[in-house]
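Enquirer: Input file: input_30.pdb. Contents: PDB, C-alpha atoms.
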ATOM      1  CA  MET A 165      -9.781 -34.911 -26.327
ATOM      2  CA  ARG A 166      -8.737 -38.117 -28.094
ATOM      3  CA  ILE A 167      -9.398 -41.128 -25.913
ATOM      4  CA  ASP A 168      -5.894 -42.555 -26.372
ATOM      5  CA  LYS A 169      -4.375 -39.248 -25.245
ATOM      6  CA  LEU A 170      -6.641 -39.041 -22.202
ATOM      7  CA  ILE A 171      -5.812 -42.576 -21.092
ATOM      8  CA  ALA A 172      -2.098 -41.902 -21.620
ATOM      9  CA  ASN A 173      -2.388 -38.787 -19.428
ATOM     10  CA  CYS A 174      -4.153 -40.682 -16.642
ATOM     11  CA  THR A 175      -2.342 -44.039 -16.555
ATOM     12  CA  PRO A 176       1.190 -45.437 -16.942
ATOM     13  CA  ALA A 177       0.062 -47.318 -20.085
ATOM     14  CA  THR A 178       1.924 -46.615 -23.332
ATOM     15  CA  ARG A 179       0.133 -45.571 -26.513
ATOM     16  CA  ARG A 180       0.884 -49.024 -27.941
ATOM     17  CA  GLU A 181      -0.673 -50.739 -24.921
ATOM     18  CA  ILE A 182      -3.692 -48.455 -25.128
ATOM     19  CA  LYS A 183      -4.244 -49.249 -28.819
ATOM     20  CA  LEU A 184      -3.964 -52.961 -28.060
ATOM     21  CA  CYS A 185      -6.612 -52.686 -25.318
ATOM     22  CA  ILE A 186      -8.892 -50.802 -27.687
ATOM     23  CA  LYS A 187      -8.385 -53.507 -30.299
ATOM     24  CA  LYS A 188      -9.329 -56.114 -27.684
ATOM     25  CA  ARG A 189     -12.552 -54.178 -26.960
ATOM     26  CA  GLN A 190     -11.444 -53.381 -23.401
ATOM     27  CA  VAL A 191     -12.224 -49.651 -23.577
ATOM     28  CA  SER A 192     -15.677 -48.111 -23.324
ATOM     29  CA  VAL A 193     -17.230 -44.667 -23.149
ATOM     30  CA  ASN A 194     -20.581 -44.327 -21.412
ATOM     31  CA  SER A 195     -20.972 -48.138 -21.541
ATOM     32  CA  LYS A 196     -20.306 -48.291 -25.301
ATOM     33  CA  VAL A 197     -17.210 -50.089 -26.595
ATOM     34  CA  VAL A 198     -14.770 -47.834 -28.460
ATOM     35  CA  SER A 199     -12.862 -49.183 -31.461
ATOM     36  CA  ASP A 200     -11.051 -46.030 -32.595
ATOM     37  CA  PRO A 201      -8.012 -44.649 -30.660
ATOM     38  CA  GLY A 202      -8.865 -41.230 -32.080
ATOM     39  CA  PHE A 203     -12.403 -41.250 -30.670
ATOM     40  CA  HIS A 204     -13.101 -37.881 -28.999
ATOM     41  CA  VAL A 205     -14.425 -37.732 -25.460
ATOM     42  CA  ASP A 206     -15.493 -35.063 -23.013
ATOM     43  CA  GLU A 207     -13.064 -35.575 -20.151
ATOM     44  CA  ASN A 208     -15.339 -33.727 -17.733
ATOM     45  CA  LYS A 209     -18.569 -35.620 -18.484
ATOM     46  CA  ASP A 210     -17.969 -39.008 -20.127
ATOM     47  CA  GLU A 211     -17.526 -42.189 -18.110
ATOM     48  CA  ILE A 212     -14.462 -43.970 -19.467
ATOM     49  CA  ILE A 213     -13.541 -47.559 -18.590
ATOM     50  CA  PHE A 214     -10.051 -48.800 -19.436
ATOM     51  CA  CYS A 215      -9.323 -52.503 -18.889
ATOM     52  CA  GLY A 216     -12.000 -52.714 -16.201
ATOM     53  CA  GLU A 217     -10.932 -49.546 -14.361
ATOM     54  CA  LYS A 218     -12.784 -46.231 -14.370
ATOM     55  CA  ILE A 219     -10.571 -43.386 -15.549
ATOM     56  CA  LYS A 220     -10.544 -40.262 -13.421
ATOM     57  CA  TYR A 221      -9.238 -37.382 -15.489
ATOM     58  CA  SER A 222      -7.268 -34.612 -13.844
ATOM     59  CA  ARG A 223      -5.320 -32.109 -15.882
ATOM     60  CA  TYR A 224      -2.753 -31.526 -13.147
ATOM     61  CA  THR A 225      -1.184 -33.576 -10.377
ATOM     62  CA  TYR A 226       0.071 -32.206  -7.057
ATOM     63  CA  LEU A 227       2.194 -34.320  -4.698
ATOM     64  CA  MET A 228       3.666 -33.514  -1.308
ATOM     65  CA  LEU A 229       7.091 -35.147  -0.923
ATOM     66  CA  ASN A 230       9.114 -35.576   2.243
ATOM     67  CA  LYS A 231      12.502 -35.208   0.571
ATOM     68  CA  PRO A 232      15.368 -37.231   2.027
ATOM     69  CA  GLU A 233      19.044 -36.341   1.934
ATOM     70  CA  GLY A 234      20.974 -37.375  -1.169
ATOM     71  CA  TYR A 235      18.453 -36.362  -3.833
ATOM     72  CA  ILE A 236      18.723 -33.466  -6.277
ATOM     73  CA  SER A 237      15.674 -31.221  -6.719
ATOM     74  CA  ALA A 238      15.475 -31.807 -10.458
ATOM     75  CA  THR A 239      13.992 -34.130 -13.054
ATOM     76  CA  TYR A 240      17.401 -35.357 -14.275
ATOM     77  CA  ASP A 241      21.011 -35.377 -13.121
ATOM     78  CA  LYS A 242      24.068 -37.200 -14.457
ATOM     79  CA  HIS A 243      25.588 -37.963 -11.066
ATOM     80  CA  TYR A 244      22.897 -38.100  -8.377
ATOM     81  CA  PRO A 245      19.389 -39.505  -7.942
ATOM     82  CA  VAL A 246      16.633 -36.937  -8.438
ATOM     83  CA  VAL A 247      13.432 -36.332  -6.501
ATOM     84  CA  VAL A 248      11.173 -37.543  -9.315
ATOM     85  CA  ASP A 249      12.770 -40.984  -8.867
ATOM     86  CA  LEU A 250      10.738 -41.163  -5.636
ATOM     87  CA  VAL A 251       7.388 -40.697  -7.404
ATOM     88  CA  PRO A 252       5.224 -43.875  -7.360
ATOM     89  CA  LYS A 253       4.640 -45.565 -10.713
ATOM     90  CA  GLU A 254       0.980 -44.591 -10.697
ATOM     91  CA  PHE A 255       2.044 -40.947 -11.177
ATOM     92  CA  ALA A 256       4.954 -41.590 -13.562
ATOM     93  CA  HIS A 257       2.870 -40.537 -16.581
ATOM     94  CA  ALA A 258       2.252 -37.052 -15.145
ATOM     95  CA  ARG A 259       5.760 -35.681 -15.898
ATOM     96  CA  LEU A 260       6.101 -33.994 -12.539
ATOM     97  CA  PHE A 261       8.783 -31.491 -11.588
ATOM     98  CA  PRO A 262       9.791 -29.943  -8.252
ATOM     99  CA  VAL A 263       8.541 -26.489  -7.319
ATOM    100  CA  GLY A 264      11.732 -24.760  -6.273
ATOM    101  CA  ARG A 265      14.835 -26.394  -4.848
ATOM    102  CA  LEU A 266      16.047 -28.042  -1.694
ATOM    103  CA  ASP A 267      19.790 -28.685  -1.456
ATOM    104  CA  ILE A 268      20.971 -32.272  -1.784
ATOM    105  CA  ASP A 269      21.587 -32.430   1.991
ATOM    106  CA  THR A 270      18.323 -30.669   2.930
ATOM    107  CA  HIS A 271      15.273 -32.615   4.047
ATOM    108  CA  GLY A 272      11.559 -31.923   4.123
ATOM    109  CA  LEU A 273       8.646 -30.492   2.203
ATOM    110  CA  LEU A 274       8.862 -30.354  -1.564
ATOM    111  CA  LEU A 275       5.906 -29.875  -3.883
ATOM    112  CA  LEU A 276       5.906 -31.863  -7.122
ATOM    113  CA  THR A 277       3.496 -30.927  -9.897
ATOM    114  CA  ASN A 278       2.998 -30.522 -13.636
ATOM    115  CA  ASP A 279       1.125 -27.241 -13.175
ATOM    116  CA  GLY A 280       3.606 -24.692 -14.499
ATOM    117  CA  ASP A 281       1.375 -21.707 -13.783
ATOM    118  CA  LEU A 282       0.999 -22.589 -10.099
ATOM    119  CA  ALA A 283       4.725 -23.264  -9.776
ATOM    120  CA  HIS A 284       5.591 -19.898 -11.328
ATOM    121  CA  LYS A 285       3.259 -18.028  -9.001
ATOM    122  CA  LEU A 286       4.530 -19.824  -5.889
ATOM    123  CA  LEU A 287       8.144 -19.037  -6.776
ATOM    124  CA  SER A 288       7.592 -15.459  -7.896
ATOM    125  CA  PRO A 289       9.149 -12.892  -5.520
ATOM    126  CA  LYS A 290       5.927 -10.885  -5.915
ATOM    127  CA  SER A 291       3.941 -13.605  -4.133
ATOM    128  CA  HIS A 292       6.018 -13.440  -0.935
ATOM    129  CA  VAL A 293       5.160 -17.038  -0.076
ATOM    130  CA  PRO A 294       6.681 -17.839   3.348
ATOM    131  CA  LYS A 295       8.893 -20.908   3.724
ATOM    132  CA  THR A 296       9.679 -22.196   7.212
ATOM    133  CA  TYR A 297      12.734 -24.308   8.051
ATOM    134  CA  TYR A 298      13.750 -26.282  11.099
ATOM    135  CA  VAL A 299      17.444 -25.571  11.712
ATOM    136  CA  LYS A 300      20.127 -27.170  13.854
ATOM    137  CA  SER A 301      23.173 -24.948  14.059
ATOM    138  CA  ALA A 302      26.787 -25.574  15.016
ATOM    139  CA  LYS A 303      26.652 -22.785  17.597
ATOM    140  CA  PRO A 304      23.771 -21.649  19.782
ATOM    141  CA  VAL A 305      21.780 -18.607  18.694
ATOM    142  CA  GLY A 306      20.298 -15.959  20.923
ATOM    143  CA  LYS A 307      18.279 -12.748  20.866
ATOM    144  CA  SER A 308      20.944 -10.814  18.954
ATOM    145  CA  GLU A 309      20.800 -13.328  16.089
ATOM    146  CA  THR A 310      17.000 -13.228  16.131
ATOM    147  CA  ASN A 311      17.130  -9.433  15.851
ATOM    148  CA  SER A 312      19.524  -9.715  12.905
ATOM    149  CA  PHE A 313      17.279 -12.180  11.078
ATOM    150  CA  GLU A 314      14.270  -9.947  11.637
ATOM    151  CA  LYS A 315      16.066  -6.834  10.343
ATOM    152  CA  GLY A 316      17.410  -8.542   7.233
ATOM    153  CA  ILE A 317      20.907  -9.867   6.580
ATOM    154  CA  THR A 318      23.264  -8.678   3.858
ATOM    155  CA  LEU A 319      24.443 -11.686   1.854
ATOM    156  CA  GLU A 320      25.979  -9.875  -1.078
ATOM    157  CA  GLU A 321      27.069  -6.335  -1.745
ATOM    158  CA  ASP A 322      23.778  -5.618  -3.488
ATOM    159  CA  PHE A 323      21.410  -8.001  -1.698
ATOM    160  CA  THR A 324      19.906  -7.893   1.778
ATOM    161  CA  THR A 325      17.279 -10.442   2.746
ATOM    162  CA  GLN A 326      13.749  -9.431   3.540
ATOM    163  CA  PRO A 327      12.934  -9.403   7.253
ATOM    164  CA  ALA A 328      12.588 -13.013   8.403
ATOM    165  CA  ILE A 329      10.864 -14.611  11.375
ATOM    166  CA  HIS A 330      13.192 -16.451  13.739
ATOM    167  CA  LYS A 331      12.224 -18.482  16.793
ATOM    168  CA  ILE A 332      14.545 -20.369  19.137
ATOM    169  CA  ILE A 333      12.892 -23.674  20.086
ATOM    170  CA  SER A 334      15.482 -25.365  22.322
ATOM    171  CA  ASP A 335      16.793 -24.345  25.705
ATOM    172  CA  ASP A 336      20.403 -24.576  24.550
ATOM    173  CA  GLY A 337      19.825 -22.399  21.475
ATOM    174  CA  TYR A 338      20.990 -24.954  18.927
ATOM    175  CA  GLU A 339      17.536 -25.508  17.393
ATOM    176  CA  SER A 340      15.370 -22.862  15.782
ATOM    177  CA  LEU A 341      12.716 -22.137  13.175
ATOM    178  CA  LEU A 342      13.415 -19.641  10.407
ATOM    179  CA  THR A 343      10.759 -18.297   8.035
ATOM    180  CA  ILE A 344      11.959 -16.544   4.889
ATOM    181  CA  TYR A 345      10.123 -14.936   1.985
ATOM    182  CA  GLU A 346      12.658 -15.376  -0.817
ATOM    183  CA  GLY A 347      14.421 -18.362  -2.309
ATOM    184  CA  LYS A 348      18.018 -17.332  -2.953
ATOM    185  CA  PHE A 349      20.608 -20.065  -3.531
ATOM    186  CA  HIS A 350      21.584 -21.664  -0.176
ATOM    187  CA  GLN A 351      19.825 -18.739   1.514
ATOM    188  CA  VAL A 352      19.233 -20.189   4.987
ATOM    189  CA  LYS A 353      22.780 -21.547   5.200
ATOM    190  CA  ARG A 354      24.221 -18.249   4.000
ATOM    191  CA  MET A 355      22.168 -16.270   6.512
ATOM    192  CA  PHE A 356      23.596 -18.313   9.369
ATOM    193  CA  GLU A 357      27.094 -18.081   7.894
ATOM    194  CA  ALA A 358      26.783 -14.305   7.742
ATOM    195  CA  LEU A 359      26.305 -14.375  11.513
ATOM    196  CA  GLY A 360      29.371 -16.568  12.044
ATOM    197  CA  ASN A 361      27.405 -19.777  12.471
ATOM    198  CA  GLU A 362      26.843 -22.949  10.434
ATOM    199  CA  VAL A 363      23.769 -25.019   9.620
ATOM    200  CA  VAL A 364      24.355 -28.691  10.423
ATOM    201  CA  TYR A 365      20.812 -29.930   9.708
ATOM    202  CA  LEU A 366      18.089 -28.292   7.643
ATOM    203  CA  LYS A 367      14.500 -29.351   7.038
ATOM    204  CA  ARG A 368      11.711 -27.400   5.345
ATOM    205  CA  ILE A 369       8.480 -27.892   7.246
ATOM    206  CA  SER A 370       6.106 -25.554   5.421
ATOM    207  CA  MET A 371       5.569 -23.529   2.274
ATOM    208  CA  GLY A 372       2.758 -21.024   2.564
ATOM    209  CA  SER A 373      -0.210 -22.825   4.123
ATOM    210  CA  LEU A 374       1.155 -26.214   3.046
ATOM    211  CA  THR A 375       2.674 -28.058   6.014
ATOM    212  CA  LEU A 376       4.702 -31.250   5.818
ATOM    213  CA  ASP A 377       2.553 -34.245   6.753
ATOM    214  CA  LYS A 378       4.068 -35.794   9.888
ATOM    215  CA  LEU A 379       2.871 -39.219   8.744
ATOM    216  CA  LEU A 380       5.038 -39.088   5.610
ATOM    217  CA  ALA A 381       8.299 -40.947   6.064
ATOM    218  CA  GLU A 382      11.360 -39.610   4.265
ATOM    219  CA  GLY A 383      11.118 -40.497   0.593
ATOM    220  CA  GLU A 384       7.332 -40.866   0.678
ATOM    221  CA  CYS A 385       4.806 -38.657  -1.072
ATOM    222  CA  ARG A 386       1.044 -38.265  -1.339
ATOM    223  CA  PRO A 387      -1.421 -36.197  -3.361
ATOM    224  CA  LEU A 388      -2.480 -32.882  -1.879
ATOM    225  CA  THR A 389      -5.985 -32.808  -0.490
ATOM    226  CA  GLY A 390      -8.512 -30.517  -2.137
ATOM    227  CA  GLU A 391      -8.407 -28.252   0.895
ATOM    228  CA  GLU A 392      -4.594 -28.023   0.861
ATOM    229  CA  LEU A 393      -4.551 -27.156  -2.821
ATOM    230  CA  GLN A 394      -7.290 -24.537  -2.537
ATOM    231  CA  LYS A 395      -5.568 -22.807   0.391
ATOM    232  CA  LEU A 396      -2.304 -22.727  -1.537
ATOM    233  CA  LYS A 397      -3.997 -21.211  -4.582
ATOM    234  CA  ASN A 398      -5.776 -18.621  -2.448
ATOM    235  CA  GLU A 399      -2.421 -17.330  -1.199
ATOM    236  CA  ILE A 400      -1.163 -16.414  -4.640
TER     237      ILE A 400
END
Rewrite the structure of this file - the entire thing - as C-alpha cells.

Expert:
Amino acid sequence: MRIDKLIANCTPATRREIKLCIKKRQVSVNSKVVSDPGFHVDENKDEIIFCGEKIKYSRYTYLMLNKPEGYISATYDKHYPVVVDLVPKEFAHARLFPVGRLDIDTHGLLLLTNDGDLAHKLLSPKSHVPKTYYVKSAKPVGKSETNSFEKGITLEEDFTTQPAIHKIISDDGYESLLTIYEGKFHQVKRMFEALGNEVVYLKRISMGSLTLDKLLAEGECRPLTGEELQKLKNEI
C-alpha cells in the first residue's frame, strides 16, 4: 500500500498535509526517512512513524454508540443531525456508517463501522441476529400480550413477525424487554400498536452478543473490544 494512502486511512490528516510532512522529513518506515508519498509499505509488518506518532493500521473500524434521541441513523440528512456527527475526530477518516436503523426518537445501542461485509451479515434475515429493546408502554402489558409476542404478531396482510421473547420487568406492567429477530420498519412500535398499546420510550440494549456499555453516556461511543468483535463475528 502507498504510504500516503495508509496514513490517510489511519489519521484525520489530508493528503496535502501528509505530503507536506513527508517533504519535511517527518515520516519514516522502519527508522528510515521516506521522501516519496508513493513509497509502498507492508501495513502488517512495517513500523511507520508519522509526525512523531506510530501508525497502527486497521482496515476496519468498529464503534459502539449510545444513540441519543434526535439523531437520524444515517450518514447524511438535510433536516436532522445524523449519528456519524457524534463520531470523535480521531475516527472521522474511517467513513463509518450505522449498521441498521434506530428511529429518531429511539435510544441505545448502534454499531458504526466501515466493514460492509459484517454489516450485511448482521442485517441479513438469514442470520437471525437477536435485538433486545427496553420498552415503556402507555398501557400495562400482561401474560396475554407476552403470549401474543411469542406466537408472532401480524403487522401486514402478508407479514407476521417471527416468535419474539417478551419479559415484563416492572410490577405495574409498564416496562418490559422485547427481543426480536427481524428489523422491519418501526417493528417494535408496530407490534405494540397491533395489541392496542403504544410505545412511549424505546431503547435498544443489545444486538446479538453485543450489549450496550452502561458506562457510555448518551451520545458517546467507543471502539469494540477484540472479544466483543470476535463474539459478534462468531454469531454470523

Enquirer: Could you list, as a list in words, every residue within 10 Å of Leu319 of chain A, counting all atoms listed in the file and ignoring same-chain residues fewer than 2 positions away?

Expert: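 In the requested form, the answer reads Gly316, Ile317, Glu321, Asp322, Phe323, Thr324, Thr325, Lys348, Gln351, Arg354, Met355, Glu357 and Ala358 of chain A.
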
Enquirer: Measuring between all atoms listed in the file, which one of A:Ser199, A:Thr375, A:Asn278, A:Ser312 shows the shortest distance to Tyr297 of chain A?

Expert: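 Smallest distance to Tyr297 of chain A is found for A:Thr375.
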
Enquirer: Return the single residue from A:Pro304, A:Pro294, A:Gly383, A:Pro201 that is closest to Leu396 of chain A, with distances computed using all atoms listed in the file.

Expert: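 Of the candidates, the smallest distance to Leu396 of chain A is held by A:Pro294.
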
Enquirer: Which residues fall under the PyMOL selection byres ((chain A and resi 397) around 10) in this file, as a PyMOL selection string?

Expert: chain A and resi 282+285-286+372-373+391-396+398-400

Enquirer: Using all atoms listed in the file, which protein or nucleic acid residues come within 6 Å of segment 183-191 of chain A? Drop anything in the same chain fewer than 5 positions from it, and give the result as a VMD selection string.

Expert: chain A and resid 197 to 199 213 to 215

Enquirer: Tell me which of A:Tyr224, A:Tyr345, A:Tyr240, A:Phe255 sits closest to Thr175 of chain A, counting all atoms listed in the file.

Expert: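 When distances to Thr175 of chain A are compared using all atoms listed in the file, the smallest one comes from A:Phe255.
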
Enquirer: Which centre and which edge lengths, in Å to one decimal, describe the axis-aligned box that holds all listed atoms of segment 223-229 of chain A after 3 Å is added on each side, as AutoDock Vina command-line options?

Expert:
--center_x 0.9 --center_y -33.3 --center_z -8.4 --size_x 18.4 --size_y 9.6 --size_z 21.0

Enquirer: Using the chain letters and numbers from the file, give me the residues hit by the PyMOL selection byres ((chain A and resi 268) around 12), as a ChimeraX atom specification.

Expert: /A:231-238,241,243-247,265-267,269-272,350,365-367

Enquirer: Select, from A:Lys290, A:His257, A:Lys218, A:Arg386, the residue with the minimum atom-to-atom distance to Ala172 of chain A, counting only C-alpha atoms.

Expert: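 Ranking A:Lys290, A:His257, A:Lys218, A:Arg386 by distance to Ala172 of chain A, first place goes to A:His257.
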
Enquirer: Mind telling me what the PyMOL selection byres ((chain A and resi 296) around 7) catches here, as a PDB file with C-alpha atoms, keeping the file's coordinate frame?

Expert:
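Wrote selection-v4.pdb, looks like this:
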ATOM      1  CA  PRO A 294       6.681 -17.839   3.348  1.00  0.00           C
ATOM      2  CA  LYS A 295       8.893 -20.908   3.724  1.00  0.00           C
ATOM      3  CA  TYR A 297      12.734 -24.308   8.051  1.00  0.00           C
ATOM      4  CA  TYR A 298      13.750 -26.282  11.099  1.00  0.00           C
ATOM      5  CA  LEU A 341      12.716 -22.137  13.175  1.00  0.00           C
ATOM      6  CA  LEU A 342      13.415 -19.641  10.407  1.00  0.00           C
ATOM      7  CA  THR A 343      10.759 -18.297   8.035  1.00  0.00           C
ATOM      8  CA  ILE A 344      11.959 -16.544   4.889  1.00  0.00           C
ATOM      9  CA  ARG A 368      11.711 -27.400   5.345  1.00  0.00           C
ATOM     10  CA  ILE A 369       8.480 -27.892   7.246  1.00  0.00           C
ATOM     11  CA  SER A 370       6.106 -25.554   5.421  1.00  0.00           C
ATOM     12  CA  MET A 371       5.569 -23.529   2.274  1.00  0.00           C
TER      13      MET A 371
END

Enquirer: Any idea what the distance is between atom CA of Ser334 of chain A and atom CA of Val299 of chain A?

Expert: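 Distance reported for this atom pair: 10.8 Å.
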
Enquirer: For Cys174 of chain A, work out the shell of residues within 12 Å, counting only C-alpha atoms and skipping chain neighbours fewer than 5 positions away, then give it as number ranges by chain.

Expert: A: 167-169, 179, 182, 207, 212-214, 217-225, 253-259

Enquirer: Rounded to one decimal place, report the atom CA of Leu388 of chain A-atom CA of Met228 of chain A distance in Å.

Expert: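 Spanning atom CA of Leu388 of chain A to atom CA of Met228 of chain A is a straight-line distance of 6.2 Å.
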
Enquirer: Can you work out which one of A:Leu170, A:Arg180, A:Thr239, A:Leu260 has the shortest atom-to-atom distance to Asn208 of chain A, counting all atoms listed in the file?

Expert: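 The answer is A:Leu170, which sits nearest to Asn208 of chain A.
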
Enquirer: By how many Å are atom CA of Val363 of chain A and atom CA of Ile332 of chain A apart?

Expert: 14.0 Å

Enquirer: Name the closest residue to Thr310 of chain A among the candidates A:Lys331, A:Lys353, A:His204, A:Lys209; distances are taken between atoms, counting all atoms listed in the file.

Expert: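 Nearest to Thr310 of chain A: A:Lys331.
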
Enquirer: Regenerate segment 192-201 of chain A at the level of all heavy atoms and dump it as an mmCIF file, keeping the file's coordinate frame.

Expert:
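Final file, selection.cif:
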data_model
loop_
_atom_site.group_PDB
_atom_site.id
_atom_site.type_symbol
_atom_site.label_atom_id
_atom_site.label_comp_id
_atom_site.auth_asym_id
_atom_site.auth_seq_id
_atom_site.Cartn_x
_atom_site.Cartn_y
_atom_site.Cartn_z
ATOM 1 N N SER A 192 -14.311 -48.562 -23.043
ATOM 2 C CA SER A 192 -15.677 -48.111 -23.324
ATOM 3 C C SER A 192 -15.888 -46.681 -22.862
ATOM 4 O O SER A 192 -15.212 -46.201 -21.940
ATOM 5 C CB SER A 192 -16.707 -49.030 -22.647
ATOM 6 O OG SER A 192 -16.620 -48.917 -21.228
ATOM 7 N N VAL A 193 -16.837 -46.024 -23.517
ATOM 8 C CA VAL A 193 -17.230 -44.667 -23.149
ATOM 9 C C VAL A 193 -18.734 -44.665 -22.958
ATOM 10 O O VAL A 193 -19.487 -45.014 -23.878
ATOM 11 C CB VAL A 193 -16.825 -43.651 -24.239
ATOM 12 C CG1 VAL A 193 -17.330 -42.256 -23.866
ATOM 13 C CG2 VAL A 193 -15.325 -43.642 -24.425
ATOM 14 N N ASN A 194 -19.148 -44.322 -21.750
ATOM 15 C CA ASN A 194 -20.581 -44.327 -21.412
ATOM 16 C C ASN A 194 -21.223 -45.668 -21.764
ATOM 17 O O ASN A 194 -22.297 -45.736 -22.385
ATOM 18 C CB ASN A 194 -21.306 -43.181 -22.118
ATOM 19 C CG ASN A 194 -20.747 -41.824 -21.724
ATOM 20 O OD1 ASN A 194 -20.306 -41.628 -20.588
ATOM 21 N ND2 ASN A 194 -20.737 -40.894 -22.663
ATOM 22 N N SER A 195 -20.515 -46.739 -21.388
ATOM 23 C CA SER A 195 -20.972 -48.138 -21.541
ATOM 24 C C SER A 195 -20.949 -48.646 -22.989
ATOM 25 O O SER A 195 -21.395 -49.764 -23.252
ATOM 26 C CB SER A 195 -22.379 -48.326 -20.962
ATOM 27 O OG SER A 195 -22.405 -47.974 -19.588
ATOM 28 N N LYS A 196 -20.404 -47.845 -23.910
ATOM 29 C CA LYS A 196 -20.306 -48.291 -25.301
ATOM 30 C C LYS A 196 -18.851 -48.538 -25.658
ATOM 31 O O LYS A 196 -17.986 -47.682 -25.442
ATOM 32 C CB LYS A 196 -20.909 -47.244 -26.243
ATOM 33 C CG LYS A 196 -22.409 -47.070 -26.064
ATOM 34 C CD LYS A 196 -22.960 -46.057 -27.063
ATOM 35 C CE LYS A 196 -24.472 -45.890 -26.894
ATOM 36 N NZ LYS A 196 -25.020 -44.906 -27.878
ATOM 37 N N VAL A 197 -18.572 -49.722 -26.240
ATOM 38 C CA VAL A 197 -17.210 -50.089 -26.595
ATOM 39 C C VAL A 197 -16.674 -49.159 -27.681
ATOM 40 O O VAL A 197 -17.371 -48.831 -28.645
ATOM 41 C CB VAL A 197 -17.143 -51.556 -27.080
ATOM 42 C CG1 VAL A 197 -15.745 -51.876 -27.609
ATOM 43 C CG2 VAL A 197 -17.507 -52.498 -25.941
ATOM 44 N N VAL A 198 -15.423 -48.724 -27.501
ATOM 45 C CA VAL A 198 -14.770 -47.834 -28.460
ATOM 46 C C VAL A 198 -13.763 -48.638 -29.281
ATOM 47 O O VAL A 198 -12.988 -49.427 -28.734
ATOM 48 C CB VAL A 198 -14.048 -46.679 -27.730
ATOM 49 C CG1 VAL A 198 -13.194 -45.872 -28.700
ATOM 50 C CG2 VAL A 198 -15.059 -45.779 -27.037
ATOM 51 N N SER A 199 -13.776 -48.445 -30.580
ATOM 52 C CA SER A 199 -12.862 -49.183 -31.461
ATOM 53 C C SER A 199 -11.838 -48.298 -32.145
ATOM 54 O O SER A 199 -10.952 -48.782 -32.849
ATOM 55 C CB SER A 199 -13.658 -49.942 -32.533
ATOM 56 O OG SER A 199 -14.447 -49.027 -33.294
ATOM 57 N N ASP A 200 -11.939 -46.982 -31.929
ATOM 58 C CA ASP A 200 -11.051 -46.030 -32.595
ATOM 59 C C ASP A 200 -10.217 -45.266 -31.558
ATOM 60 O O ASP A 200 -10.782 -44.564 -30.719
ATOM 61 C CB ASP A 200 -11.885 -45.045 -33.413
ATOM 62 C CG ASP A 200 -11.034 -43.988 -34.111
ATOM 63 O OD1 ASP A 200 -9.787 -44.129 -34.135
ATOM 64 O OD2 ASP A 200 -11.626 -43.016 -34.632
ATOM 65 N N PRO A 201 -8.869 -45.377 -31.609
ATOM 66 C CA PRO A 201 -8.012 -44.649 -30.660
ATOM 67 C C PRO A 201 -8.186 -43.131 -30.755
ATOM 68 O O PRO A 201 -7.896 -42.414 -29.797
ATOM 69 C CB PRO A 201 -6.595 -45.052 -31.074
ATOM 70 C CG PRO A 201 -6.761 -46.332 -31.811
ATOM 71 C CD PRO A 201 -8.086 -46.230 -32.511
#
